[in-house]
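These notes are about the structure you will find just below.
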Amino acid sequence: MTQRQHKTVRGLMDAYGQTHAEEAGIRLRNTPAPLYQLLTLCVLFSVRIKADIAVAAARELFGAGMRTPRAMADASWQDRVDALGRAHYRRYDESTSTALGAGAELALDRYRGDLRRLRDQAEGDPARIRELLREFPRIGPVGADIFCREAQALWPELRQSFDDRARKAASELGLPTTSQSLARLVDTESLPRLAAALVRVELSVDAVDDLLKAG
């Protein structure tokens, strides 16, 4: 890594290196509740809605006690709608409440509330993990990518998860553009932060110019 790239990565991580899980107050660990909370967050991101609203909706759901599949399934449909409404998660509140309830039941019925069993069922195949994630209501390619990006520090088979947007931002910043090369820029624990930072930059109008000027 060149001195300029090192400075760019440092600025990138300092300015944009907060994962969505961190922003939503999820202390991500390889245990059932945080993994389910990450899945919930991915459901919320899987519609055309602003990222800050999706994060706020997750915080409202978790603050109302819906932190596990059992708690989500036991909550009423209206309780979920009300939590989403408090976060201004408009237009999609009712359909998302339905999706969250059905997804919680699926997690309980198929994986006994523990997404580590989904990982076991995939037998270390990241493509299969994505397929199984997409069986949850509302989770599509974007939601599956977010889950894998944020969980890659926990599940080694998901490394290195840098999607097209992250690699495009890397190219614009003069950084390596392959997932393997990007992964060598930071330690393993920082992979989700780097991937999230690159995606945030790609979605921002001025971020690339600001980082290059700073470099």
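By convention in this document, the chains of the structure tokens carry letters A, B, ... by their order, each chain's residues are numbered from 1, and ligands are numbered from 1 in the order they are shown.
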Please build the interface table for segment 10-78 of chain A against segment 118-122 of chain A with a cut-off of 12 Å, listing for each qualifying residue the nearest atom pair and the distance in Å to one decimal; count only C-alpha atoms, order rows by chain and increasing number, and write it as a Markdown table.
| residue | atom | partner | partner_atom | distance |
| --- | --- | --- | --- | --- |
| A:Asn30 | CA | A:Arg119 | CA | 10.9 |
| A:Pro32 | CA | A:Leu118 | CA | 11.0 |
| A:Leu35 | CA | A:Leu118 | CA | 10.9 |
| A:Tyr36 | CA | A:Leu118 | CA | 11.3 |
| A:Leu39 | CA | A:Leu118 | CA | 12.0 |
Leaving out Met13 of chain A and any residue of its chain fewer than 4 positions from it, which residues lie within 9 Å of it when counting only C-alpha atoms, given as a PyMOL selection string? chain A and resi 8-9+17-18+193-194+197-198
Do a neighbour search on Gly11 of chain A at 7 Å with only C-alpha atoms, toss out local chain neighbours closer than 4 positions, and write the hits as a PDB file with N, CA, C and O atoms, in the first residue's frame.
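Here's the written file out_20.pdb:
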ATOM      1  N   LYS A   7      -3.093   6.955   3.543  1.00  0.00           N
ATOM      2  CA  LYS A   7      -3.783   8.152   4.034  1.00  0.00           C
ATOM      3  C   LYS A   7      -5.245   8.137   3.618  1.00  0.00           C
ATOM      4  O   LYS A   7      -6.123   8.535   4.391  1.00  0.00           O
ATOM      5  N   ALA A  15     -13.956   8.839   8.535  1.00  0.00           N
ATOM      6  CA  ALA A  15     -15.139   9.613   8.159  1.00  0.00           C
ATOM      7  C   ALA A  15     -16.374   8.754   7.930  1.00  0.00           C
ATOM      8  O   ALA A  15     -17.500   9.188   8.205  1.00  0.00           O
ATOM      9  N   LEU A 211     -12.380  13.149  -0.055  1.00  0.00           N
ATOM     10  CA  LEU A 211     -11.301  12.268   0.387  1.00  0.00           C
ATOM     11  C   LEU A 211     -10.045  12.449  -0.448  1.00  0.00           C
ATOM     12  O   LEU A 211      -8.931  12.447   0.070  1.00  0.00           O
TER      13      LEU A 211
END
Contacts of Leu38 of chain A within 8 Å, only C-alpha atoms, excl. fewer than 5 positions in-chain, as an MDAnalysis selection string: chainID A and resid 21 26 28 147
Next, the residues of the selection above should be written as a CSV table (one decimal), in the first residue's frame with N, CA and C atoms.
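What ended up in again-v5.csv:
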chain,number,residue,atom,x,y,z
A,21,ALA,N,-24.8,-2.0,11.5
A,21,ALA,CA,-25.1,-2.6,12.8
A,21,ALA,C,-24.7,-1.7,13.9
A,26,ILE,N,-26.4,-2.4,17.4
A,26,ILE,CA,-26.3,-3.9,17.5
A,26,ILE,C,-24.8,-4.2,17.9
A,28,LEU,N,-22.5,-6.6,17.5
A,28,LEU,CA,-22.5,-7.8,16.7
A,28,LEU,C,-21.5,-8.9,17.2
A,147,PHE,N,-26.0,-8.3,4.9
A,147,PHE,CA,-25.8,-9.2,5.9
A,147,PHE,C,-24.4,-9.8,5.8
Atom pair atom CA of Glu135 of chain A / atom CA of Phe162 of chain A: separation (Å): 21.9 Å
Every residue of segment 31-122 of chain A that DSSP places in helix (DSSP H, G or I), as a tab-separated table (two decimals) with C-alpha atoms, in the first residue's frame:
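So the final result, stored in part_34.tsv, reads:
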chain	number	residue	atom	x	y	z
A	32	PRO	CA	-28.31	-15.80	18.13
A	33	ALA	CA	-29.75	-12.43	19.18
A	34	PRO	CA	-27.26	-10.08	17.45
A	35	LEU	CA	-27.31	-12.15	14.27
A	36	TYR	CA	-31.09	-11.97	14.19
A	37	GLN	CA	-30.98	-8.22	14.82
A	38	LEU	CA	-28.65	-7.89	11.83
A	39	LEU	CA	-31.14	-9.85	9.73
A	40	THR	CA	-33.92	-7.54	10.89
A	41	LEU	CA	-31.85	-4.54	9.87
A	42	CYS	CA	-31.31	-6.09	6.43
A	43	VAL	CA	-35.07	-6.53	6.02
A	44	LEU	CA	-35.53	-2.85	6.80
A	45	PHE	CA	-32.91	-1.87	4.22
A	51	ALA	CA	-30.63	4.58	5.35
A	52	ASP	CA	-31.11	6.75	8.43
A	53	ILE	CA	-34.81	5.87	8.54
A	54	ALA	CA	-34.07	2.14	8.25
A	55	VAL	CA	-31.59	2.43	11.12
A	56	ALA	CA	-34.07	4.43	13.20
A	57	ALA	CA	-36.71	1.76	12.55
A	58	ALA	CA	-34.37	-0.94	13.78
A	59	ARG	CA	-33.69	1.03	16.95
A	60	GLU	CA	-37.43	1.45	17.55
A	61	LEU	CA	-38.11	-2.26	17.09
A	62	PHE	CA	-35.24	-3.25	19.39
A	63	GLY	CA	-36.20	-0.59	21.92
A	69	PRO	CA	-37.23	-14.11	16.67
A	70	ARG	CA	-39.47	-15.18	19.55
A	71	ALA	CA	-40.04	-11.61	20.69
A	72	MET	CA	-40.70	-10.45	17.12
A	73	ALA	CA	-43.13	-13.29	16.49
A	74	ASP	CA	-44.92	-12.71	19.80
A	77	TRP	CA	-48.69	-6.89	13.89
A	78	GLN	CA	-49.84	-3.48	15.15
A	79	ASP	CA	-46.98	-3.28	17.66
A	80	ARG	CA	-44.53	-3.70	14.82
A	81	VAL	CA	-46.37	-1.15	12.66
A	82	ASP	CA	-46.36	1.34	15.53
A	83	ALA	CA	-42.60	0.92	16.09
A	84	LEU	CA	-41.93	1.45	12.39
A	85	GLY	CA	-44.22	4.48	12.37
A	86	ARG	CA	-42.29	6.11	15.23
A	93	ASP	CA	-44.74	-0.06	7.52
A	94	GLU	CA	-47.61	-2.52	7.12
A	95	SER	CA	-45.94	-4.81	4.56
A	96	THR	CA	-42.70	-4.76	6.55
A	97	SER	CA	-44.54	-5.67	9.74
A	98	THR	CA	-45.96	-8.69	7.93
A	99	ALA	CA	-42.52	-9.62	6.54
A	100	LEU	CA	-40.87	-9.34	9.94
A	101	GLY	CA	-43.50	-11.54	11.55
A	102	ALA	CA	-43.23	-14.20	8.86
A	103	GLY	CA	-39.44	-14.04	8.93
A	104	ALA	CA	-39.37	-14.51	12.68
A	105	GLU	CA	-41.57	-17.59	12.36
A	106	LEU	CA	-39.25	-18.95	9.66
A	107	ALA	CA	-36.21	-18.39	11.87
A	108	LEU	CA	-37.91	-20.23	14.72
A	109	ASP	CA	-39.29	-23.10	12.67
A	110	ARG	CA	-36.26	-23.81	10.50
A	111	TYR	CA	-33.33	-22.67	12.64
A	116	ARG	CA	-25.74	-20.12	13.08
A	117	ARG	CA	-27.78	-23.15	12.04
A	118	LEU	CA	-28.33	-21.44	8.68
A	119	ARG	CA	-24.56	-21.18	8.40
A	120	ASP	CA	-24.21	-24.86	9.28
A	121	GLN	CA	-26.79	-25.80	6.67
A	122	ALA	CA	-24.81	-23.87	4.04
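Atom to atom, atom CA of Leu175 of chain A and atom CA of Ser161 of chain A stand 15.8 Å apart.
Counting only C-alpha atoms, the residue from A:His20, A:Arg67, A:Arg91, A:Lys50 that sits nearest to Ala195 of chain A is A:His20.
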Residue with smallest distance to Leu173 of chain A - pool A:Arg138, A:Glu157, A:Glu23, A:Glu202, counting only C-alpha atoms: A:Glu202
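One finds atom CA of Thr177 of chain A at 18.7 Å from atom CA of Ser204 of chain A.
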Selected residue of minimal separation from Ala170 of chain A among A:Val186, A:Val199, A:Met1, A:Cys148, counting only C-alpha atoms: A:Val199
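Take the candidates A:Gln152, A:Leu185, A:Leu158, A:Val142 and check each one against Ser46 of chain A using only C-alpha atoms; the shortest distance goes to A:Val142.
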